[in-house]
file start_13.cif (mmCIF, C-alpha atoms)
data_data
loop_
_atom_site.label_atom_id
_atom_site.label_comp_id
_atom_site.auth_asym_id
_atom_site.auth_seq_id
_atom_site.Cartn_x
_atom_site.Cartn_y
_atom_site.Cartn_z
CA MET H 1 0.00 0.00 0.00
CA SER H 2 1.47 3.32 -1.02
CA ASP H 3 1.51 6.43 1.15
CA VAL H 4 -1.41 8.77 1.26
CA ILE H 5 -0.91 11.88 -0.84
CA GLN H 6 -2.16 14.91 1.05
CA THR H 7 -2.93 18.02 -0.97
CA ASP H 8 -5.27 21.02 -1.23
CA ALA H 9 -7.23 19.97 -4.30
CA VAL H 10 -7.47 16.75 -6.27
CA ILE H 11 -8.43 17.25 -9.89
CA ILE H 12 -10.01 14.22 -11.53
CA GLY H 13 -9.29 14.50 -15.24
CA GLY H 14 -6.28 16.05 -16.96
CA GLY H 15 -8.01 17.46 -20.03
CA PRO H 16 -7.93 21.12 -21.00
CA VAL H 17 -10.33 22.17 -18.25
CA GLY H 18 -8.54 20.17 -15.53
CA LEU H 19 -5.25 21.70 -16.61
CA PHE H 20 -6.63 25.22 -16.55
CA ALA H 21 -8.06 24.53 -13.09
CA VAL H 22 -4.48 23.87 -11.93
CA PHE H 23 -3.62 27.37 -13.13
CA GLU H 24 -6.60 29.14 -11.58
CA LEU H 25 -6.20 27.31 -8.27
CA GLY H 26 -2.44 27.86 -8.40
CA LEU H 27 -2.89 31.63 -8.58
CA LEU H 28 -4.68 31.31 -5.24
CA ASP H 29 -1.85 29.20 -3.77
CA ILE H 30 -3.86 26.02 -3.92
CA LYS H 31 -1.72 22.98 -4.55
CA CYS H 32 -3.16 20.38 -6.94
CA GLU H 33 -2.77 16.74 -7.84
CA VAL H 34 -4.17 15.68 -11.21
CA ILE H 35 -5.35 12.12 -11.85
CA ASP H 36 -6.13 10.79 -15.33
CA ILE H 37 -6.83 7.37 -16.78
CA LEU H 38 -4.86 8.11 -19.94
CA ASP H 39 -1.07 7.91 -20.08
CA ARG H 40 -0.70 11.64 -20.66
CA ALA H 41 -2.49 14.95 -20.22
CA GLY H 42 -4.94 16.47 -22.67
CA GLY H 43 -8.02 14.27 -22.38
CA GLN H 44 -10.11 14.18 -25.54
CA CYS H 45 -7.88 16.86 -27.11
CA ALA H 46 -4.89 14.54 -26.94
CA GLU H 47 -6.63 11.20 -27.34
CA LEU H 48 -9.39 11.85 -29.86
CA TYR H 49 -8.23 14.79 -31.93
CA PRO H 50 -4.58 15.79 -31.31
CA GLU H 51 -4.14 16.96 -34.87
CA LYS H 52 -7.55 18.42 -35.47
CA PRO H 53 -7.80 22.20 -35.50
CA ILE H 54 -9.94 23.92 -32.86
CA TYR H 55 -11.29 27.31 -33.94
CA ASP H 56 -13.08 28.58 -30.86
CA ILE H 57 -10.36 29.11 -28.26
CA PRO H 58 -10.24 32.85 -27.50
CA GLY H 59 -7.03 34.39 -28.82
CA TYR H 60 -6.21 31.46 -31.07
CA PRO H 61 -7.86 31.63 -34.49
CA VAL H 62 -6.71 28.05 -34.90
CA ILE H 63 -4.94 25.62 -32.58
CA SER H 64 -4.67 21.82 -32.59
CA GLY H 65 -5.77 19.66 -29.68
CA GLN H 66 -2.16 18.76 -28.93
CA GLU H 67 -0.92 22.35 -29.14
CA LEU H 68 -3.63 23.52 -26.77
CA THR H 69 -2.70 20.74 -24.34
CA ASP H 70 1.00 21.67 -24.51
CA LYS H 71 0.24 25.35 -23.89
CA LEU H 72 -2.05 24.59 -20.94
CA MET H 73 0.64 22.33 -19.45
CA GLU H 74 3.14 25.15 -19.85
CA GLN H 75 0.72 27.59 -18.25
CA ALA H 76 0.17 25.26 -15.28
CA ALA H 77 3.85 24.37 -14.89
CA PRO H 78 4.78 27.21 -12.45
CA PHE H 79 2.47 25.59 -9.90
CA SER H 80 4.14 22.17 -10.26
CA PRO H 81 1.04 20.02 -9.97
CA GLY H 82 1.50 16.31 -9.35
CA TYR H 83 0.37 14.25 -12.34
CA HIS H 84 -0.88 10.71 -11.84
CA PHE H 85 -1.54 9.04 -15.18
CA ASN H 86 -2.90 5.59 -16.05
CA GLN H 87 -5.06 5.74 -12.96
CA MET H 88 -8.76 6.01 -12.35
CA VAL H 89 -10.29 7.22 -9.09
CA GLU H 90 -12.47 4.38 -7.93
CA GLU H 91 -13.46 5.41 -4.44
CA LEU H 92 -14.39 8.79 -3.08
CA GLU H 93 -15.65 9.27 0.45
CA LYS H 94 -16.12 12.13 2.83
CA LEU H 95 -14.27 11.79 6.12
CA ASP H 96 -15.50 13.00 9.51
CA ASP H 97 -13.25 16.06 9.35
CA GLY H 98 -14.99 17.18 6.15
CA THR H 99 -12.11 16.33 3.83
CA PHE H 100 -12.24 13.70 1.11
CA ARG H 101 -10.42 10.41 0.71
CA MET H 102 -9.88 9.01 -2.77
CA LYS H 103 -8.39 5.77 -3.94
CA THR H 104 -7.35 4.94 -7.49
CA ASP H 105 -7.46 1.58 -9.20
CA ASP H 106 -3.74 1.08 -8.59
CA GLY H 107 -4.16 1.66 -4.86
CA THR H 108 -2.83 5.22 -4.53
CA GLU H 109 -4.68 7.20 -1.88
CA PHE H 110 -5.31 10.91 -1.85
CA ARG H 111 -6.69 13.21 0.79
CA ALA H 112 -7.87 16.76 0.15
CA PRO H 113 -10.49 19.27 1.33
CA VAL H 114 -11.46 20.04 -2.27
CA VAL H 115 -12.20 17.69 -5.18
CA VAL H 116 -12.63 18.98 -8.70
CA ILE H 117 -14.21 16.59 -11.17
CA ALA H 118 -13.11 17.64 -14.65
CA ALA H 119 -13.65 14.27 -16.21
CA GLY H 120 -15.15 15.40 -19.54
CA GLY H 121 -17.14 12.57 -21.07
CA GLY H 122 -15.97 10.17 -18.39
CA SER H 123 -13.05 7.80 -18.38
CA PHE H 124 -11.57 6.41 -21.56
CA GLN H 125 -11.88 2.66 -21.89
CA PRO H 126 -11.06 0.35 -24.77
CA LYS H 127 -13.95 -0.19 -27.16
CA LYS H 128 -15.26 -3.70 -26.84
CA PRO H 129 -16.58 -4.95 -30.15
CA PRO H 130 -20.13 -6.24 -29.70
CA MET H 131 -19.36 -9.76 -30.90
CA PRO H 132 -21.73 -12.33 -29.44
CA GLY H 133 -20.20 -14.05 -26.42
CA ILE H 134 -16.97 -12.01 -26.39
CA GLU H 135 -17.28 -11.43 -22.62
CA ASP H 136 -16.67 -15.14 -22.02
CA TYR H 137 -13.19 -14.82 -23.48
CA GLU H 138 -12.12 -11.48 -22.03
CA GLY H 139 -9.03 -11.77 -19.88
CA THR H 140 -8.34 -15.35 -20.98
CA SER H 141 -8.25 -15.25 -24.78
CA VAL H 142 -9.38 -11.76 -25.68
CA PHE H 143 -7.33 -8.75 -24.57
CA TYR H 144 -7.81 -5.05 -25.25
CA SER H 145 -4.29 -4.04 -24.33
CA VAL H 146 -0.87 -5.62 -24.04
CA LYS H 147 0.70 -5.38 -20.61
CA LYS H 148 3.30 -8.16 -20.88
CA MET H 149 4.40 -9.28 -24.32
CA GLU H 150 5.72 -12.60 -22.95
CA GLN H 151 2.15 -13.65 -22.25
CA PHE H 152 1.62 -13.96 -26.00
CA ARG H 153 4.61 -16.16 -26.79
CA ASP H 154 3.80 -19.18 -28.97
CA GLN H 155 0.17 -18.18 -29.36
CA ASP H 156 -1.92 -18.09 -32.50
CA ILE H 157 -2.80 -14.43 -32.49
CA LEU H 158 -5.53 -12.61 -34.34
CA ILE H 159 -5.24 -8.82 -34.22
CA VAL H 160 -8.25 -6.82 -35.37
CA GLY H 161 -8.11 -3.18 -36.41
CA GLY H 162 -6.29 -0.78 -38.69
CA GLY H 163 -4.90 1.94 -36.46
CA ASP H 164 -1.50 2.43 -34.91
CA SER H 165 -2.18 0.14 -31.95
CA ALA H 166 -3.21 -2.72 -34.23
CA LEU H 167 -0.23 -2.26 -36.53
CA ASP H 168 2.32 -1.70 -33.75
CA TRP H 169 1.27 -4.79 -31.84
CA THR H 170 1.17 -6.88 -34.99
CA ILE H 171 4.79 -5.97 -35.68
CA ASN H 172 5.94 -6.26 -32.07
CA LEU H 173 4.23 -9.53 -31.23
CA GLN H 174 4.85 -11.29 -34.54
CA PRO H 175 8.37 -12.53 -33.59
CA LEU H 176 6.97 -14.09 -30.39
CA ALA H 177 3.80 -15.52 -31.84
CA LYS H 178 3.33 -19.00 -33.26
CA SER H 179 1.17 -17.45 -35.93
CA MET H 180 -0.03 -13.94 -36.56
CA THR H 181 -3.05 -12.72 -38.49
CA LEU H 182 -4.06 -9.10 -38.90
CA LEU H 183 -7.67 -8.52 -39.82
CA HIS H 184 -8.97 -5.19 -41.05
CA ARG H 185 -12.09 -4.18 -42.95
CA ARG H 186 -10.22 -2.46 -45.80
CA ASP H 187 -6.80 -2.33 -47.37
CA ALA H 188 -6.07 1.14 -46.05
CA PHE H 189 -4.77 1.98 -42.61
CA ARG H 190 -4.99 4.86 -40.24
CA ALA H 191 -1.48 4.15 -39.02
CA SER H 192 2.02 5.39 -39.75
CA PRO H 193 3.01 4.44 -43.32
CA ASP H 194 6.22 2.95 -41.97
CA SER H 195 4.31 0.41 -39.84
CA VAL H 196 2.05 -0.48 -42.75
CA GLN H 197 5.09 -1.11 -44.92
CA LYS H 198 6.67 -3.31 -42.23
CA MET H 199 3.48 -5.32 -41.93
CA HIS H 200 3.30 -5.88 -45.69
CA ALA H 201 6.97 -6.92 -45.67
CA LEU H 202 6.27 -9.51 -42.95
CA CYS H 203 3.41 -10.87 -45.08
CA ALA H 204 5.68 -11.05 -48.12
CA GLU H 205 8.20 -13.04 -46.07
CA GLY H 206 5.44 -15.43 -45.09
CA LYS H 207 5.76 -14.59 -41.41
CA MET H 208 2.17 -13.46 -40.98
CA GLN H 209 -1.01 -12.97 -42.96
CA PHE H 210 -3.23 -9.99 -43.56
CA LYS H 211 -6.94 -10.63 -44.07
CA LEU H 212 -9.65 -8.29 -45.25
CA GLY H 213 -12.87 -8.55 -43.36
CA GLN H 214 -14.65 -8.38 -40.03
CA VAL H 215 -15.20 -10.91 -37.27
CA THR H 216 -18.75 -12.25 -37.18
CA ALA H 217 -18.46 -15.04 -34.62
CA LEU H 218 -16.08 -16.48 -32.07
CA ASP H 219 -15.53 -20.18 -31.51
CA GLY H 220 -14.28 -21.86 -28.38
CA SER H 221 -15.39 -22.97 -24.97
CA ASN H 222 -14.70 -22.30 -21.31
CA GLY H 223 -13.06 -18.99 -22.06
CA GLN H 224 -10.61 -20.56 -24.47
CA LEU H 225 -10.83 -19.27 -28.00
CA THR H 226 -10.14 -21.74 -30.82
CA GLY H 227 -11.02 -19.65 -33.82
CA ALA H 228 -12.96 -16.80 -35.33
CA THR H 229 -15.35 -16.64 -38.24
CA ILE H 230 -14.63 -13.72 -40.48
CA LYS H 231 -16.60 -12.21 -43.31
CA GLY H 232 -14.53 -10.78 -46.10
CA PRO H 233 -14.91 -9.89 -49.76
CA ASP H 234 -14.87 -13.63 -50.65
CA GLY H 235 -17.48 -14.62 -48.11
CA GLU H 236 -17.08 -16.25 -44.72
CA GLU H 237 -14.04 -18.15 -43.57
CA GLN H 238 -12.62 -19.61 -40.42
CA ILE H 239 -9.36 -18.42 -38.84
CA ALA H 240 -7.71 -20.55 -36.19
CA CYS H 241 -6.51 -18.52 -33.21
CA ASN H 242 -6.34 -18.86 -29.46
CA THR H 243 -5.77 -15.18 -28.75
CA MET H 244 -7.56 -12.17 -30.13
CA LEU H 245 -6.55 -8.55 -29.65
CA PRO H 246 -9.22 -6.10 -30.90
CA PHE H 247 -8.02 -2.50 -31.26
CA PHE H 248 -10.99 -0.27 -32.01
CA GLY H 249 -9.84 2.79 -30.12
CA LEU H 250 -11.24 4.13 -26.89
CA THR H 251 -14.65 5.17 -25.77
CA MET H 252 -15.80 7.20 -22.79
CA LYS H 253 -17.73 5.76 -19.89
CA LEU H 254 -18.90 7.71 -16.88
CA GLY H 255 -17.36 5.03 -14.66
CA PRO H 256 -17.13 5.19 -10.87
CA VAL H 257 -18.27 8.86 -10.76
CA ALA H 258 -21.81 7.46 -10.94
CA ASN H 259 -21.34 5.77 -7.56
CA TRP H 260 -20.30 8.76 -5.51
CA GLY H 261 -23.76 9.85 -4.49
CA LEU H 262 -23.75 13.09 -6.47
CA ASN H 263 -26.92 14.36 -8.11
CA LEU H 264 -26.78 13.35 -11.75
CA ASN H 265 -28.87 14.33 -14.73
CA GLU H 266 -28.48 12.01 -17.73
CA ASN H 267 -24.96 11.01 -16.73
CA LEU H 268 -23.90 14.60 -16.12
CA ILE H 269 -23.21 16.12 -12.72
CA GLU H 270 -25.57 18.87 -11.63
CA VAL H 271 -23.88 22.04 -10.42
CA ASP H 272 -24.90 25.59 -9.61
CA THR H 273 -23.64 28.43 -11.78
CA GLU H 274 -22.13 30.48 -8.99
CA LYS H 275 -19.73 27.97 -7.53
CA PHE H 276 -19.93 25.01 -9.92
CA GLN H 277 -20.32 22.90 -6.83
CA THR H 278 -22.06 19.52 -6.89
CA SER H 279 -24.71 18.35 -4.45
CA GLU H 280 -21.81 17.54 -2.09
CA PRO H 281 -20.14 20.69 -0.73
CA GLY H 282 -16.39 20.59 -1.44
CA ILE H 283 -16.82 18.57 -4.61
CA PHE H 284 -16.92 20.66 -7.77
CA ALA H 285 -17.60 19.62 -11.35
CA ILE H 286 -16.36 21.66 -14.29
CA GLY H 287 -16.18 21.20 -18.06
CA ASP H 288 -18.12 18.74 -20.18
CA ILE H 289 -19.08 16.54 -17.23
CA ASN H 290 -21.33 19.09 -15.54
CA THR H 291 -24.77 20.37 -16.40
CA TYR H 292 -26.76 23.48 -15.54
CA PRO H 293 -29.41 25.51 -17.35
CA GLY H 294 -27.86 26.88 -20.52
CA LYS H 295 -24.73 24.73 -20.35
CA LEU H 296 -22.62 24.68 -23.51
CA LYS H 297 -20.06 21.92 -23.88
CA LEU H 298 -17.25 24.19 -24.97
CA ILE H 299 -13.68 24.22 -23.73
CA LEU H 300 -14.05 27.92 -23.05
CA SER H 301 -17.08 27.33 -20.78
CA GLY H 302 -14.91 24.94 -18.78
CA PHE H 303 -12.23 27.62 -18.42
CA HIS H 304 -14.77 30.08 -17.03
CA GLU H 305 -16.12 27.46 -14.66
CA ALA H 306 -12.58 26.72 -13.42
CA ALA H 307 -12.01 30.38 -12.53
CA LEU H 308 -15.23 30.71 -10.53
CA MET H 309 -14.77 27.35 -8.85
CA ALA H 310 -11.28 28.39 -7.67
CA GLN H 311 -12.68 31.36 -5.73
CA VAL H 312 -14.96 29.10 -3.72
CA ALA H 313 -12.33 26.39 -3.31
CA PHE H 314 -10.07 29.00 -1.72
CA LYS H 315 -12.68 29.73 0.95
CA ILE H 316 -12.94 26.04 1.80
CA ILE H 317 -9.20 25.53 1.99
CA HIS H 318 -8.45 28.82 3.79
CA PRO H 319 -11.66 29.63 5.68
CA ASP H 320 -10.05 32.37 7.76
CA GLU H 321 -8.26 34.24 4.99
CA ARG H 322 -9.68 37.04 2.94
CA LEU H 323 -9.37 36.59 -0.77
CA VAL H 324 -8.35 39.74 -2.58
CA PHE H 325 -9.17 39.56 -6.25
CA GLN H 326 -6.13 40.40 -8.37
CA TYR H 327 -5.17 40.61 -12.03
CA THR H 328 -2.14 38.86 -13.48
CA THR H 329 -1.42 42.00 -15.50
CA SER H 330 -0.92 44.23 -12.47
CA SER H 331 -0.31 42.10 -9.39
CA THR H 332 3.38 41.50 -8.66
CA LYS H 333 2.26 38.86 -6.15
CA LEU H 334 0.61 36.84 -8.90
CA GLN H 335 3.49 37.51 -11.26
CA LYS H 336 5.93 36.15 -8.68
CA LYS H 337 3.91 32.96 -8.46
CA LEU H 338 4.11 32.69 -12.22
CA GLY H 339 7.85 33.24 -12.07
CA VAL H 340 7.73 36.32 -14.30
CA ALA H 341 8.33 39.11 -11.77
CA MET Z 1 -27.40 20.80 -38.36
CA THR Z 2 -26.31 17.23 -39.00
CA VAL Z 3 -28.23 13.99 -38.75
CA MET Z 4 -26.28 13.23 -35.57
CA GLU Z 5 -27.14 16.60 -34.01
CA SER Z 6 -30.83 16.26 -34.77
CA ALA Z 7 -30.82 12.75 -33.32
CA VAL Z 8 -29.02 13.81 -30.14
CA LYS Z 9 -31.16 16.93 -29.70
CA ASN Z 10 -34.31 14.85 -29.93
CA MET Z 11 -32.91 12.11 -27.70
CA VAL Z 12 -33.09 9.43 -30.35
CA PRO Z 13 -31.45 6.37 -28.80
CA GLY Z 14 -28.70 4.50 -30.65
CA ILE Z 15 -26.55 7.46 -31.62
CA ASP Z 16 -24.02 8.19 -28.89
CA ALA Z 17 -21.76 10.84 -30.49
CA ASP Z 18 -19.16 10.75 -27.72
CA CYS Z 19 -16.97 13.39 -29.36
CA GLY Z 20 -19.78 15.81 -30.07
CA GLY Z 21 -19.41 15.93 -33.81
CA ALA Z 22 -15.66 16.20 -34.40
CA CYS Z 23 -15.56 13.09 -36.58
CA ALA Z 24 -13.30 11.64 -33.92
CA CYS Z 25 -15.08 8.73 -32.27
CA ALA Z 26 -17.27 6.71 -34.67
CA THR Z 27 -20.09 6.40 -32.13
CA CYS Z 28 -22.73 7.97 -34.40
CA HIS Z 29 -22.51 5.13 -36.92
CA ILE Z 30 -25.62 4.59 -39.04
CA TYR Z 31 -26.74 2.65 -42.12
CA ILE Z 32 -28.29 4.44 -45.08
CA GLU Z 33 -31.09 2.79 -47.03
CA PRO Z 34 -30.36 2.38 -50.77
CA GLU Z 35 -32.95 4.96 -51.82
CA TRP Z 36 -31.23 7.63 -49.71
CA GLN Z 37 -27.68 6.86 -50.73
CA GLU Z 38 -27.50 9.48 -53.44
CA ALA Z 39 -29.06 12.29 -51.41
CA THR Z 40 -26.78 11.68 -48.43
CA GLY Z 41 -23.61 11.62 -50.53
CA GLU Z 42 -20.35 9.74 -50.33
CA ARG Z 43 -18.17 9.31 -47.27
CA GLU Z 44 -15.02 11.36 -47.20
CA GLU Z 45 -11.54 10.17 -46.33
CA MET Z 46 -11.60 11.27 -42.69
CA GLU Z 47 -14.94 9.59 -42.20
CA GLU Z 48 -13.66 6.43 -43.91
CA ASP Z 49 -10.73 6.42 -41.45
CA MET Z 50 -13.00 6.86 -38.45
CA LEU Z 51 -15.24 4.02 -39.57
CA ASP Z 52 -12.31 1.72 -38.77
CA PHE Z 53 -13.31 2.27 -35.16
CA ALA Z 54 -16.91 1.32 -35.69
CA PHE Z 55 -18.27 -2.20 -35.58
CA ASP Z 56 -20.16 -4.12 -38.28
CA VAL Z 57 -19.22 -1.63 -40.97
CA ARG Z 58 -21.16 -2.21 -44.17
CA GLU Z 59 -21.16 -0.67 -47.61
CA ASN Z 60 -23.94 1.69 -46.58
CA SER Z 61 -22.24 2.75 -43.32
CA ARG Z 62 -21.95 6.44 -42.56
CA LEU Z 63 -21.14 8.61 -39.57
CA SER Z 64 -24.24 10.68 -38.95
CA CYS Z 65 -22.17 13.69 -37.81
CA GLN Z 66 -20.96 14.03 -41.40
CA ILE Z 67 -24.37 14.22 -43.04
CA LYS Z 68 -25.79 17.73 -43.18
CA VAL Z 69 -29.55 17.94 -43.01
CA SER Z 70 -31.19 19.75 -45.92
CA SER Z 71 -34.62 19.79 -47.52
CA ALA Z 72 -33.31 17.12 -49.87
CA LEU Z 73 -33.26 14.78 -46.86
CA ASP Z 74 -36.87 15.37 -45.86
CA GLY Z 75 -38.24 11.98 -44.83
CA LEU Z 76 -34.82 10.36 -44.37
CA THR Z 77 -34.85 7.07 -42.48
CA VAL Z 78 -31.59 5.64 -41.15
CA ARG Z 79 -30.83 2.44 -39.27
CA VAL Z 80 -28.48 2.21 -36.31
CA PRO Z 81 -26.15 -0.70 -35.58
CA GLU Z 82 -26.98 -3.02 -32.73
CA LYS Z 83 -24.47 -1.15 -30.57
CA GLN Z 84 -22.21 1.89 -30.90
CA PHE Z 85 -19.67 0.04 -28.67
#

call {"tool": "encode", "arguments": {"input": "start_13.cif", "output": "structure tokens"}}
result
Amino acid sequence: MSDVIQTDAVIIGGGPVGLFAVFELGLLDIKCEVIDILDRAGGQCAELYPEKPIYDIPGYPVISGQELTDKLMEQAAPFSPGYHFNQMVEELEKLDDGTFRMKTDDGTEFRAPVVVIAAGGGSFQPKKPPMPGIEDYEGTSVFYSVKKMEQFRDQDILIVGGGDSALDWTINLQPLAKSMTLLHRRDAFRASPDSVQKMHALCAEGKMQFKLGQVTALDGSNGQLTGATIKGPDGEEQIACNTMLPFFGLTMKLGPVANWGLNLNENLIEVDTEKFQTSEPGIFAIGDINTYPGKLKLILSGFHEAALMAQVAFKIIHPDERLVFQYTTSSTKLQKKLGVA
Amino acid sequence: MTVMESAVKNMVPGIDADCGGACACATCHIYIEPEWQEATGEREEMEEDMLDFAFDVRENSRLSCQIKVSSALDGLTVRVPEKQF
């Protein structure tokens, strides 16, 4: 069991709004820890559309999801937040002293008087293809990620998908595998051209096969896969495999947030528009995950919500101090915190 | 207004649209009936790429966030896959 991390505010979700919350809270001397299920910051901006241009960020006529993430990280950097990636907050409970205890799925514990849920559309989880009976094989024959490559040594592997994950794992696992088949619905890939070339080269050498088509049925019993039926341009055929790795990208699920006793409205967290506080005082929700009359799911709305939330969070964390509102343009105090004065 | 947006606005089940219309998630996957194929147009490259992340992709698969509603689509019926993942 790891040590408990004590801080002022825990931010659940490291997307653009979570990152900007670090900045707004930081200006008020509130120390933050950021937890995110992805392996890096940026949320949807980094995971779903890193290269897509965004046109409605004030001051930037055009900026990509990744650029915006990088700039927000840079803006938050003076406040040195702690980042905890590849983790999902599973438990959240209020303690007798009014502070909150959180525990992530890898066992890390946090304690803080303020919790900010900036979880966007929820937590990213691998898309599970709706093939009949696939659940019976999950964790034994069907895997949505590769944690240890050794596990796949000498297996007959079927990889499904046409993105970078599918191509990368095809190339990386092929030398270990007894046999390797890549299945994709078309002969075009959304992966780096270099990987596609490598895959074709392996096929030419007879080390693996590439099949066009989609899986329609799984065969096996007791969690052990023996083959898959695929439908391709030439009709149905059977592929022998004892391991299948489907890579269809990620999807968002609300996840454990639903179990924390907060008032929800169609999977969104209800907040007021003064404090952006949830039905539980001390827990705030900002960005795409909250709802209130007139809510717009825009990054810029999340930024505004972060600024207002920070004012209230300050009062919870420092109940006896007076908060003097200051501008970064004129306050040397704020400028010192930012390291520019 | 796109087919996805009208579906979401009117709480039509079966179209999730996780990404909100950025052509970035493939959870607004639909099937177009043959008689509507011409009016709804062809899929573009980005959409074709995103369909890789959908399930049970057929020849008449489209992402509903990429179909703009116009008077030419008055009466349009679309089918949704069993699941959007």

call {"tool": "interface_residues", "arguments": {"input": "start_13.cif", "of": "chain Z", "to": "chain H", "cutoff": "9 Å", "atoms": "all atoms listed in the file", "output": "list in words"}}
result
Asp18, Cys19, Gly20, Ala22, Cys23, Ala24, Cys25, Thr27, Asp49, Met50, Asp52, Phe53, Ala54, Phe55, Asp56, Val57, Glu82, Lys83, Gln84 and Phe85 of chain Z

call {"tool": "residues_around", "arguments": {"input": "start_13.cif", "residues": "stretch 12-20 of chain H", "least_positions_apart": "6", "cutoff": "7 Å", "atoms": "all atoms listed in the file", "output": "ChimeraX atom specification"}}
result
/H:34-36,41-44,69,72-73,76,116-119,287,299,302-303,306

call {"tool": "atom_distance", "arguments": {"input": "start_13.cif", "atom1": "atom CA of H:Gln209", "atom2": "atom CA of H:Met180"}}
result
6.5 Å

call {"tool": "resolve_selection", "arguments": {"input": "start_13.cif", "expression": "the PyMOL selection byres ((chain H and resi 87) around 9)", "output": "MDAnalysis selection string"}}
result
chainID H and resid 35:39 84:86 88:89 104:106 108

call {"tool": "resolve_selection", "arguments": {"input": "start_13.cif", "expression": "the PyMOL selection byres ((chain H and resi 149) around 12)", "output": "PyMOL selection string"}}
result
chain H and resi 143+145-148+150-155+169-177

call {"tool": "axis_aligned_box", "arguments": {"input": "start_13.cif", "around": "stretch 260-272 of chain H", "padding_each_side": "4 Å", "output": "JSON"}}
result
{"center_x": -24.6, "center_y": 17.2, "center_z": -11.1, "size_x": 16.6, "size_y": 24.8, "size_z": 21.2}

call {"tool": "closest_residue", "arguments": {"input": "start_13.cif", "among": "Z:Asn10, Z:Gln66, Z:Asn60, Z:Ser71", "to": "Z:Cys28", "atoms": "all atoms listed in the file"}}
result
Z:Gln66

call {"tool": "atom_distance", "arguments": {"input": "start_13.cif", "atom1": "atom CA of H:Asn290", "atom2": "atom CA of H:Glu270"}}
result
5.8 Å

call {"tool": "closest_residue", "arguments": {"input": "start_13.cif", "among": "Z:Gly41, Z:Met11, Z:Ala26, Z:Tyr31", "to": "Z:Ile67", "atoms": "only C-alpha atoms"}}
result
Z:Gly41

call {"tool": "atom_distance", "arguments": {"input": "start_13.cif", "atom1": "atom CA of H:Leu262", "atom2": "atom CA of H:Glu274"}}
result
17.6 Å

call {"tool": "closest_residue", "arguments": {"input": "start_13.cif", "among": "Z:Ala7, Z:Leu73, Z:Ala17, Z:Val80", "to": "Z:Glu35", "atoms": "all atoms listed in the file"}}
result
Z:Leu73

call {"tool": "resolve_selection", "arguments": {"input": "start_13.cif", "expression": "the PyMOL selection byres ((chain H and resi 232) around 6)", "output": "PyMOL selection string"}}
result
chain H and resi 212-213+231+233-235

call {"tool": "residues_around", "arguments": {"input": "start_13.cif", "residues": "stretch 324-329 of chain H", "least_positions_apart": "5", "cutoff": "10 Å", "atoms": "all atoms listed in the file", "output": "PyMOL selection string"}}
result
chain H and resi 27-28+311+334-338

call {"tool": "residues_around", "arguments": {"input": "start_13.cif", "residues": "H:Ile269", "least_positions_apart": "4", "cutoff": "7 Å", "atoms": "all atoms listed in the file", "output": "list of chain:residue names"}}
result
H:Leu262, H:Asn263, H:Leu264, H:Asn265, H:Thr278, H:Ala285, H:Ile289, H:Asn290, H:Thr291

call {"tool": "closest_residue", "arguments": {"input": "start_13.cif", "among": "Z:Glu48, Z:Glu59, Z:Ile15, Z:Trp36", "to": "Z:Val3", "atoms": "only C-alpha atoms"}}
result
Z:Ile15

call {"tool": "closest_residue", "arguments": {"input": "start_13.cif", "among": "H:Asp272, H:Asp168, H:Asp194, H:Asp96", "to": "H:Leu308", "atoms": "only C-alpha atoms"}}
result
H:Asp272

call {"tool": "decode", "arguments": {"input": "start_13.cif", "residues": "stretch 303-317 of chain H", "atoms": "C-alpha atoms", "output": "compact mmCIF listing (two decimals), in the first residue's frame"}}
result
# COMPACT_ATOMS: atom_id res chain seq x y z
CA PHE H 303 -12.23 27.62 -18.42
CA HIS H 304 -14.77 30.08 -17.03
CA GLU H 305 -16.12 27.46 -14.66
CA ALA H 306 -12.58 26.72 -13.42
CA ALA H 307 -12.01 30.38 -12.53
CA LEU H 308 -15.23 30.71 -10.53
CA MET H 309 -14.77 27.35 -8.85
CA ALA H 310 -11.28 28.39 -7.67
CA GLN H 311 -12.68 31.36 -5.73
CA VAL H 312 -14.96 29.10 -3.72
CA ALA H 313 -12.33 26.39 -3.31
CA PHE H 314 -10.07 29.00 -1.72
CA LYS H 315 -12.68 29.73 0.95
CA ILE H 316 -12.94 26.04 1.80
CA ILE H 317 -9.20 25.53 1.99
